[in-house]
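*Asks:* Right, I'll just put the structure down here and ask away after.
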Amino acid sequence: MGNEGRAARPVLLVHAADASGRWQEALATALPDVEVIAAPSEAAAGTVDFFAGWNPPAGFFAPLSALRAVFALGAGVDAFLRRPDLAAHVPLLKLGDAGMAAQMLEYALLGVLAWQRHLPAYSAQQSRAEWRALPPTSRADTRVGVLGLGAIGAEVAAGLARFGYTVGGWSRSVHSIDGVRCVSGAEALHALLERSDVLVNLLPSTPRTRGLLDHALLGRLPRGACVVNASRGDQLDVDALLELLDSGHLSSAQLDVFATEPLPRHSPLWRHPKVRITPHVAAITLLEPAVAQIRDNLQCLLDGQSMSNVVDRARGY
Ligand code: GLV
């Protein structure tokens, strides 16, 4: 591709799920040396240097022949990696924490507190107007297993430990987090599940983790355990979860993500008394920190320096 007709300033194309124009405006303010556009028709597709956005329609990237980097407005880039229209040589960047870790910690706490303070059981009792105290459980006696110790998972595990829970964390590579027993490897995963009253899944969705939370693995959780899934729905076998909830092996589940979103109306999850559902809101992308990360990374790229949070395509995150 020649450079004829190329704009003097590099061009950043924005495609945010939120069509208010606030992302384009914020990025234009943060990047005065970059031309920020909202639709490829505003410039020849071949002049677009950078993309920032989330889940553009199929084929969107195909005409963007001069693309030099793709900035995902999210932490989980599995959908980007599955796209045939996005060339593998184009660097793909995910958001690091960007304000999501604190929200995710709140969401995990919601699940852990609900388990610790018997919320599902008390809700069931309320429906029967039944007044009956259940034995209390201390935070130290509440064991939480966190799967995935990346920028978000590590903060969640550390935050739960600071609050006094007994926390174990599992990840592909070994981590070290204050107050958290960090492990890796298949056997360690089994052992962690066997001592997790609440399992919090924050793993990235990769070929290795899709379908990971199957009947055999979930069955290792102690009787009465709760599953919190807040990363991607394709990692959890919903039929296995329902079977284990119905048999009484698991006491409850708090689910934010689903293999198909929005969760179809006919899904049995909607009406299951032991399932709490939220519509993929556990940790939403915040404009200010996300724009700051993109600005810093783009500046590094323009200055020929290395960027942070570049996705390793072979690892899948
Ligand atoms: C949301 O799901 C994200 O990956 O940021």
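Starting from 1 in every chain, residues are counted up; chains themselves are A, B, ... following the order of the structure tokens, and ligands are numbered from 1 as listed.
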Please identify all protein, DNA and RNA residues within 6 Å of ligand 1, counting only C-alpha atoms and all ligand atoms, and report them as an mmCIF file with all heavy atoms, in the first residue's frame.
*Replies:*
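Written output follows (part-v6.cif):
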```
data_model
loop_
_atom_site.group_PDB
_atom_site.id
_atom_site.type_symbol
_atom_site.label_atom_id
_atom_site.label_comp_id
_atom_site.auth_asym_id
_atom_site.auth_seq_id
_atom_site.Cartn_x
_atom_site.Cartn_y
_atom_site.Cartn_z
ATOM 1 N N GLY A 74 -11.711 -3.453 26.349
ATOM 2 C CA GLY A 74 -12.100 -4.459 27.330
ATOM 3 C C GLY A 74 -10.881 -5.280 27.701
ATOM 4 O O GLY A 74 -9.799 -5.122 27.107
ATOM 5 N N ALA A 75 -11.075 -6.169 28.670
ATOM 6 C CA ALA A 75 -9.951 -6.973 29.156
ATOM 7 C C ALA A 75 -9.891 -8.326 28.459
ATOM 8 O O ALA A 75 -8.811 -8.873 28.250
ATOM 9 C CB ALA A 75 -10.080 -7.173 30.659
ATOM 10 N N GLY A 76 -11.031 -8.867 28.098
ATOM 11 C CA GLY A 76 -11.084 -10.199 27.475
ATOM 12 C C GLY A 76 -11.146 -10.049 25.961
ATOM 13 O O GLY A 76 -12.113 -9.527 25.434
#
```
*Asks:* Could you give me, as a Markdown table, a per-residue list for region 188-247 of chain A showing, wherever an atom lies at most 10 Å from an atom of region 260-275 of chain A, the closest pair of atoms and their distance in Å to one decimal, using only C-alpha atoms and sorting by chain then residue number from low to high?
*Replies:*
```
| residue | atom | partner | partner_atom | distance |
| --- | --- | --- | --- | --- |
| A:Cys226 | CA | A:Lys274 | CA | 9.5 |
| A:Val227 | CA | A:Val275 | CA | 9.4 |
| A:Val228 | CA | A:Val275 | CA | 9.9 |
| A:Arg232 | CA | A:Thr260 | CA | 10.0 |
| A:Gly233 | CA | A:Thr260 | CA | 7.6 |
| A:Asp234 | CA | A:Thr260 | CA | 8.5 |
| A:Val238 | CA | A:Leu269 | CA | 8.3 |
| A:Asp239 | CA | A:Pro268 | CA | 9.6 |
| A:Leu241 | CA | A:Leu269 | CA | 9.7 |
| A:Leu242 | CA | A:Leu269 | CA | 7.9 |
| A:Leu245 | CA | A:Lys274 | CA | 7.2 |
| A:Asp246 | CA | A:Lys274 | CA | 8.8 |
```
*Asks:* Please identify all polymer residues within 8 Å of Thr285 (chain A), counting only C-alpha atoms, omitting same-chain residues fewer than 2 positions from it, and present them as a ChimeraX atom specification.
*Replies:* /A:73-74,98-100,283,287,290
*Asks:* Which residues of region 120-153 of chain A have any atom within 12 Å of an atom in region 198-213 of chain A when counting only C-alpha atoms, and what is the closest pair of atoms for each, with the distance in Å to one decimal? Order the rows by chain and rising number and write it as a Markdown table.
*Replies:*
```
| residue | atom | partner | partner_atom | distance |
| --- | --- | --- | --- | --- |
| A:Arg139 | CA | A:Val198 | CA | 11.8 |
| A:Asp141 | CA | A:Val198 | CA | 11.4 |
| A:Thr142 | CA | A:Val198 | CA | 7.9 |
| A:Arg143 | CA | A:Val198 | CA | 6.5 |
| A:Val144 | CA | A:Val198 | CA | 4.9 |
| A:Gly145 | CA | A:Leu199 | CA | 4.8 |
| A:Val146 | CA | A:Val200 | CA | 4.8 |
| A:Leu147 | CA | A:Asn201 | CA | 4.9 |
| A:Gly148 | CA | A:Leu203 | CA | 4.3 |
| A:Leu149 | CA | A:Leu202 | CA | 7.6 |
| A:Gly150 | CA | A:Leu203 | CA | 8.1 |
| A:Ala151 | CA | A:Leu202 | CA | 10.3 |
| A:Ile152 | CA | A:Leu202 | CA | 7.8 |
| A:Gly153 | CA | A:Leu202 | CA | 5.9 |
```
*Asks:* Might you pull out every residue within 7 Å of region 86-89 of chain A, with only C-alpha atoms counted and same-chain residues fewer than 2 positions away left off, and present them as a PDB file with N, CA and C atoms, in the first residue's frame?
*Replies:*
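That gives us result17.pdb:
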```
ATOM      1  N   PHE A  61     -12.804  -5.202   9.834  1.00  0.00           N
ATOM      2  CA  PHE A  61     -11.368  -4.906   9.724  1.00  0.00           C
ATOM      3  C   PHE A  61     -10.817  -5.149   8.311  1.00  0.00           C
ATOM      4  N   ALA A  62     -11.561  -5.915   7.491  1.00  0.00           N
ATOM      5  CA  ALA A  62     -11.013  -6.349   6.192  1.00  0.00           C
ATOM      6  C   ALA A  62     -10.489  -5.194   5.337  1.00  0.00           C
ATOM      7  N   ARG A  83     -11.593 -13.544  15.171  1.00  0.00           N
ATOM      8  CA  ARG A  83     -12.066 -12.878  13.945  1.00  0.00           C
ATOM      9  C   ARG A  83     -11.156 -13.197  12.753  1.00  0.00           C
ATOM     10  N   PRO A  84     -11.751 -13.695  11.661  1.00  0.00           N
ATOM     11  CA  PRO A  84     -10.916 -13.954  10.483  1.00  0.00           C
ATOM     12  C   PRO A  84     -10.517 -12.666   9.761  1.00  0.00           C
ATOM     13  N   PRO A  91      -0.714  -5.781  15.968  1.00  0.00           N
ATOM     14  CA  PRO A  91      -0.710  -5.890  17.436  1.00  0.00           C
ATOM     15  C   PRO A  91      -2.101  -5.609  18.013  1.00  0.00           C
TER      16      PRO A  91
END
```
*Asks:* Could you work out how far CA of Ile284 (chain A) lies from CA of Asp256 (chain A), giving the answer in Å with one decimal?
*Replies:* 11.4 Å
*Asks:* Please tabulate, as a tab-separated table, the residues of region 82-129 of chain A that come within 12 Å of region 26-50 of chain A, each with its closest pair of atoms and the distance in Å to one decimal, counting only C-alpha atoms and ordering rows by chain, then residue number upward.
*Replies:*
```
residue	atom	partner	partner_atom	distance
A:Val90	CA	A:Phe50	CA	9.8
A:Pro91	CA	A:Phe50	CA	10.0
A:Leu92	CA	A:Phe50	CA	10.3
A:Leu93	CA	A:Phe50	CA	11.0
```
*Asks:* Apply DSSP to the structure's backbone, then extract all residues of region 170-234 of chain A labelled strand (DSSP E) and return them as a ChimeraX atom specification.
*Replies:* /A:170,180-183,198-201,225-229
*Asks:* For the residues in that selection, give me N, CA, C and O atoms as a compact mmCIF listing (two decimals), in the first residue's frame.
*Replies:*
```txt
# COMPACT_ATOMS: atom_id res chain seq x y z
N TRP A 170 -5.43 -19.70 41.45
CA TRP A 170 -4.84 -20.60 40.45
C TRP A 170 -4.66 -19.87 39.13
O TRP A 170 -5.53 -19.11 38.71
N VAL A 180 -2.36 -14.65 49.70
CA VAL A 180 -3.08 -15.60 48.83
C VAL A 180 -2.18 -16.80 48.56
O VAL A 180 -1.00 -16.65 48.23
N ARG A 181 -2.74 -17.99 48.70
CA ARG A 181 -1.98 -19.20 48.38
C ARG A 181 -2.09 -19.43 46.87
O ARG A 181 -3.15 -19.82 46.37
N CYS A 182 -1.02 -19.09 46.15
CA CYS A 182 -1.07 -19.15 44.68
C CYS A 182 -0.52 -20.47 44.18
O CYS A 182 0.55 -20.90 44.60
N VAL A 183 -1.24 -21.11 43.27
CA VAL A 183 -0.79 -22.39 42.72
C VAL A 183 -1.01 -22.38 41.21
O VAL A 183 -1.72 -21.54 40.67
N VAL A 198 -16.36 -21.00 47.81
CA VAL A 198 -16.82 -20.15 46.72
C VAL A 198 -15.74 -20.18 45.65
O VAL A 198 -14.57 -19.92 45.94
N LEU A 199 -16.15 -20.49 44.43
CA LEU A 199 -15.22 -20.48 43.30
C LEU A 199 -15.51 -19.24 42.47
O LEU A 199 -16.64 -19.03 42.04
N VAL A 200 -14.48 -18.42 42.27
CA VAL A 200 -14.66 -17.19 41.48
C VAL A 200 -13.85 -17.36 40.19
O VAL A 200 -12.62 -17.42 40.24
N ASN A 201 -14.53 -17.47 39.06
CA ASN A 201 -13.82 -17.68 37.80
C ASN A 201 -13.55 -16.36 37.09
O ASN A 201 -14.48 -15.65 36.70
N ALA A 225 -21.06 -25.66 47.98
CA ALA A 225 -20.26 -24.55 47.44
C ALA A 225 -21.05 -23.69 46.47
O ALA A 225 -22.14 -24.08 46.01
N CYS A 226 -20.49 -22.54 46.18
CA CYS A 226 -21.12 -21.57 45.27
C CYS A 226 -20.15 -21.27 44.12
O CYS A 226 -18.94 -21.21 44.33
N VAL A 227 -20.70 -21.09 42.93
CA VAL A 227 -19.87 -20.75 41.76
C VAL A 227 -20.19 -19.33 41.32
O VAL A 227 -21.36 -18.97 41.12
N VAL A 228 -19.14 -18.52 41.20
CA VAL A 228 -19.30 -17.16 40.67
C VAL A 228 -18.56 -17.13 39.33
O VAL A 228 -17.35 -17.38 39.28
N ASN A 229 -19.26 -16.84 38.25
CA ASN A 229 -18.58 -16.74 36.95
C ASN A 229 -18.71 -15.33 36.41
O ASN A 229 -19.81 -14.83 36.19
```
*Asks:* Nearest to Leu105 (chain A): which of A:Glu155, A:Asp85, A:Asp237, A:Asp78 is it, counting only C-alpha atoms?
*Replies:*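 Nearest to Leu105 (chain A): A:Glu155.
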*Asks:* Using DSSP secondary structure from the backbone, list all alpha helix (DSSP H) positions within region 50-292 of chain A, as a PyMOL selection string.
*Replies:* chain A and resi 78-81+100-116+119-127+151-162+186-194+215-218+238-246+287-292
*Asks:* Would you mind reading off the distance between CA of Arg276 (chain A) and CA of Ala114 (chain A), one decimal, in Å?
*Replies:*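 Separation of CA of Arg276 (chain A) and CA of Ala114 (chain A): 10.5 Å.
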*Asks:* With distances taken over only C-alpha atoms, which residue among A:Ala79, A:Arg22, A:Trp54, A:Ala16 lies nearest Glu288 (chain A)?
*Replies:*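 When distances to Glu288 (chain A) are compared using only C-alpha atoms, the smallest one comes from A:Arg22.
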